[in-house]
Amino acid sequence: MSRRFVYHSERPELWDRIPEVFAGVVPEYNLHGDINETHWNRLFEEFRDHQFLLYDEERDEILGAGRSLPRVWDGTPEDLGSGLDDSISAAFIARDAGKKPTALCALGVEVPPDHQGGGISRALLTHLVEMTRDRGFAHLIVPVRPIWKHRYPLAPIEGYAHWKREDGEPFDPWIRAQVRLGGRVTAAVERSSRITGTVAEWESWTKMAFPGDGDYVFPEGLSTLRVDRARDKAVYWEPGVWITFDVRQSLPSDAA
């Protein structure tokens with residue numbers, strides 16, 4: 001097969017295609033997180049071997065992308081922190097202090113629209129598990145953005161994280177996929193990632209007007225947006241669910 005995993009350190013020019021290939025995969029507002037301004041570019045400068053693509057060499061196509069970074073984790077739910085932003089910040093603080101990482105933290109798995117539904121997200125997640133093991137870590141930790149939470153923006157994330165289907169499996173498809181692969185729902189956090197913007201910026205990102213102060217439900221939002229027109233500021237805290245993998249255990253037989 002011509003498909004293989006390619007790291008940023010090998011083919012950095014492939015990442016120039018990302019904006020076009022993955023257009024529309026995540027809501028526009030998710031591209032403007034507060035953490036991006038201080039840390040995002042450093043991922044591709046200091047952790048180049050942790051950012052990868054699934055690439056079809058024969059067709060010259062990008063089939064999926066995965067992002068991660070090593071961080072310190074003591075194995076307890078409390079030490080996971082408050083979510084995505086906190087995890088990224090803590091990883092760089094530990095790196096700058098010379099602390100040895102103990103776990104791999106996945107920051108995202110994405111599949112272009114043309115390749116969704118073909119099992120690629122599972123292949124990317126499986127690769128993250130294998131990367132974790134190959135690099136000598138015992139755990140992969142994932143601050144998950146539940147993909148159906150936007151349907152229930154007012155539901156507390158702690159409850160949503162543990163919703164089940166009639167067959168007993170997790171209700172959310174992305175949580176379910178990770179549990180099937182051996183992950184465990186370990187914690188849920190209301191404030192995983194913060195996105196701050198002006199009222200005009202948020203109206204542009206959501207294609208929706210915010211005529212007064214208050215909390216708004218908005219398209220694709222996992223929780224509500226707080227709007228303060230007097231300060232010309234709107235703040236959204238995206239919730240998340242921590243999934244943890246003990247990679248010392250074997251993957252389920254159907255995951256290979």
# chains A, B, ... in the order shown; residues from 1 in each chain; ligands from 1
call {"tool": "select_by_dssp", "arguments": {"residues": "region 34-210 of chain A", "states": "strand (DSSP E)", "output": "PyMOL selection string"}}
result
chain A and resi 52-56+61-71+103-110+139-144+184-197
call {"tool": "residues_around", "arguments": {"residues": "Gly136 (chain A)", "least_positions_apart": "6", "cutoff": "12 Å", "atoms": "only C-alpha atoms", "output": "short mmCIF file (atom, residue, chain, number, x, y, z; two decimals) with N, CA, C and O atoms, in the first residue's frame"}}
result
data_model
loop_
_atom_site.label_atom_id
_atom_site.label_comp_id
_atom_site.auth_asym_id
_atom_site.auth_seq_id
_atom_site.Cartn_x
_atom_site.Cartn_y
_atom_site.Cartn_z
N PRO A 70 4.63 15.61 24.17
CA PRO A 70 4.90 14.90 25.41
C PRO A 70 4.71 15.84 26.60
O PRO A 70 5.00 17.04 26.51
N LYS A 100 11.54 15.76 32.55
CA LYS A 100 11.35 14.63 31.63
C LYS A 100 9.86 14.30 31.51
O LYS A 100 9.19 14.05 32.51
N PRO A 101 9.32 14.25 30.29
CA PRO A 101 7.90 13.91 30.11
C PRO A 101 7.65 12.44 30.45
O PRO A 101 8.54 11.60 30.34
N THR A 102 6.41 12.16 30.85
CA THR A 102 6.05 10.80 31.23
C THR A 102 4.87 10.25 30.45
O THR A 102 4.51 9.08 30.62
N ALA A 103 4.24 11.07 29.61
CA ALA A 103 3.07 10.63 28.84
C ALA A 103 3.02 11.40 27.53
O ALA A 103 3.61 12.48 27.40
N LEU A 104 2.30 10.84 26.56
CA LEU A 104 2.04 11.56 25.32
C LEU A 104 0.62 12.09 25.37
O LEU A 104 -0.32 11.36 25.71
N VAL A 129 -1.49 5.64 19.75
CA VAL A 129 -1.22 4.64 20.79
C VAL A 129 0.14 3.98 20.54
O VAL A 129 0.95 3.82 21.47
N GLU A 130 0.39 3.62 19.30
CA GLU A 130 1.66 2.96 18.97
C GLU A 130 2.84 3.91 19.13
O GLU A 130 3.92 3.51 19.57
N ASP A 246 -3.69 3.12 28.78
CA ASP A 246 -2.49 2.46 29.28
C ASP A 246 -1.95 1.63 28.13
O ASP A 246 -2.49 0.57 27.82
N VAL A 247 -0.90 2.12 27.49
CA VAL A 247 -0.42 1.47 26.26
C VAL A 247 0.40 0.22 26.56
O VAL A 247 0.84 -0.47 25.62
N ARG A 248 0.61 -0.09 27.82
CA ARG A 248 1.29 -1.35 28.16
C ARG A 248 0.37 -2.54 27.92
O ARG A 248 0.82 -3.67 27.84
#
call {"tool": "residues_around", "arguments": {"residues": "Ile35 (chain A)", "least_positions_apart": "3", "cutoff": "9 Å", "atoms": "only C-alpha atoms", "output": "ChimeraX atom specification"}}
result
/A:32,38-40,85-86,88-89,193-195
call {"tool": "select_by_dssp", "arguments": {"residues": "region 15-213 of chain A", "states": "helix (DSSP H, G or I)", "output": "PyMOL selection string"}}
result
chain A and resi 15-21+28-32+36-46+48-50+77-80+84-96+113-115+120-134+149-151+157-160+173-180+199-206
call {"tool": "residues_around", "arguments": {"residues": "region 173-180 of chain A", "least_positions_apart": "3", "cutoff": "7 Å", "atoms": "only C-alpha atoms", "output": "short mmCIF file (atom, residue, chain, number, x, y, z; two decimals) with all heavy atoms, in the first residue's frame"}}
result
data_model
loop_
_atom_site.label_atom_id
_atom_site.label_comp_id
_atom_site.auth_asym_id
_atom_site.auth_seq_id
_atom_site.Cartn_x
_atom_site.Cartn_y
_atom_site.Cartn_z
N PRO A 146 -15.91 16.18 22.36
CA PRO A 146 -16.98 15.25 21.96
C PRO A 146 -17.75 15.78 20.75
O PRO A 146 -18.21 16.92 20.76
CB PRO A 146 -17.88 15.19 23.20
CG PRO A 146 -17.01 15.68 24.33
CD PRO A 146 -16.10 16.70 23.72
N ILE A 147 -17.90 14.96 19.74
CA ILE A 147 -18.42 15.47 18.47
C ILE A 147 -19.94 15.65 18.43
O ILE A 147 -20.44 16.31 17.51
CB ILE A 147 -17.96 14.59 17.29
CG1 ILE A 147 -18.47 13.16 17.42
CG2 ILE A 147 -16.45 14.62 17.17
CD1 ILE A 147 -18.15 12.31 16.18
N GLU A 169 -22.66 1.07 25.45
CA GLU A 169 -21.48 1.77 24.97
C GLU A 169 -21.68 3.29 25.10
O GLU A 169 -22.81 3.77 25.19
CB GLU A 169 -21.20 1.40 23.52
CG GLU A 169 -20.68 -0.01 23.34
CD GLU A 169 -19.99 -0.18 22.00
OE1 GLU A 169 -20.59 0.14 20.96
OE2 GLU A 169 -18.83 -0.64 22.01
N PRO A 170 -20.57 4.06 25.11
CA PRO A 170 -20.69 5.52 25.22
C PRO A 170 -21.58 6.11 24.13
O PRO A 170 -21.57 5.66 22.99
CB PRO A 170 -19.25 6.00 25.08
CG PRO A 170 -18.43 4.86 25.59
CD PRO A 170 -19.16 3.63 25.13
N GLY A 183 -9.36 2.96 25.48
CA GLY A 183 -9.32 4.15 26.31
C GLY A 183 -10.34 4.09 27.44
O GLY A 183 -11.30 3.32 27.39
N ARG A 184 -10.11 4.94 28.43
CA ARG A 184 -11.00 5.00 29.59
C ARG A 184 -11.39 6.44 29.85
O ARG A 184 -10.55 7.34 29.85
CB ARG A 184 -10.30 4.42 30.82
CG ARG A 184 -11.14 4.38 32.08
CD ARG A 184 -10.44 3.55 33.15
NE ARG A 184 -9.21 4.18 33.61
CZ ARG A 184 -9.14 5.02 34.64
NH1 ARG A 184 -10.24 5.35 35.30
NH2 ARG A 184 -7.98 5.53 35.00
#
call {"tool": "closest_residue", "arguments": {"among": "A:Asp114, A:Asp34, A:Asp172, A:Glu57", "to": "Tyr236 (chain A)", "atoms": "only C-alpha atoms"}}
result
A:Asp34
call {"tool": "residues_around", "arguments": {"residues": "region 221-230 of chain A", "least_positions_apart": "6", "cutoff": "6 Å", "atoms": "only C-alpha atoms", "output": "PDB file with N, CA and C atoms, in the first residue's frame"}}
result
ATOM      1  N   LYS A 149     -21.575  16.816  21.287  1.00  0.00           N
ATOM      2  CA  LYS A 149     -21.923  17.692  22.412  1.00  0.00           C
ATOM      3  C   LYS A 149     -22.629  18.952  21.940  1.00  0.00           C
ATOM      4  N   HIS A 150     -22.342  19.407  20.709  1.00  0.00           N
ATOM      5  CA  HIS A 150     -22.988  20.624  20.215  1.00  0.00           C
ATOM      6  C   HIS A 150     -24.504  20.462  20.110  1.00  0.00           C
ATOM      7  N   PRO A 153     -25.855  21.646  24.070  1.00  0.00           N
ATOM      8  CA  PRO A 153     -24.927  22.630  24.633  1.00  0.00           C
ATOM      9  C   PRO A 153     -25.191  22.997  26.087  1.00  0.00           C
ATOM     10  N   ASP A 213     -26.223  41.751  25.800  1.00  0.00           N
ATOM     11  CA  ASP A 213     -25.347  41.025  26.706  1.00  0.00           C
ATOM     12  C   ASP A 213     -26.003  39.721  27.147  1.00  0.00           C
ATOM     13  N   GLY A 214     -25.174  38.758  27.511  1.00  0.00           N
ATOM     14  CA  GLY A 214     -25.712  37.512  28.047  1.00  0.00           C
ATOM     15  C   GLY A 214     -25.044  36.282  27.479  1.00  0.00           C
ATOM     16  N   ASP A 215     -25.655  35.137  27.769  1.00  0.00           N
ATOM     17  CA  ASP A 215     -25.141  33.848  27.313  1.00  0.00           C
ATOM     18  C   ASP A 215     -25.943  33.372  26.107  1.00  0.00           C
ATOM     19  N   TYR A 236     -15.794  32.214  25.172  1.00  0.00           N
ATOM     20  CA  TYR A 236     -16.345  30.860  25.105  1.00  0.00           C
ATOM     21  C   TYR A 236     -15.344  29.894  25.709  1.00  0.00           C
TER      22      TYR A 236
END
call {"tool": "closest_residue", "arguments": {"among": "A:Gly118, A:Pro12, A:Pro219, A:Gly81", "to": "Tyr152 (chain A)", "atoms": "only C-alpha atoms"}}
result
A:Pro219
call {"tool": "atom_distance", "arguments": {"atom1": "CA of Val217 (chain A)", "atom2": "CA of Ser82 (chain A)"}}
result
22.4 Å
call {"tool": "closest_residue", "arguments": {"among": "A:His139, A:Arg95, A:His162, A:Arg3", "to": "Ala187 (chain A)", "atoms": "only C-alpha atoms"}}
result
A:His162
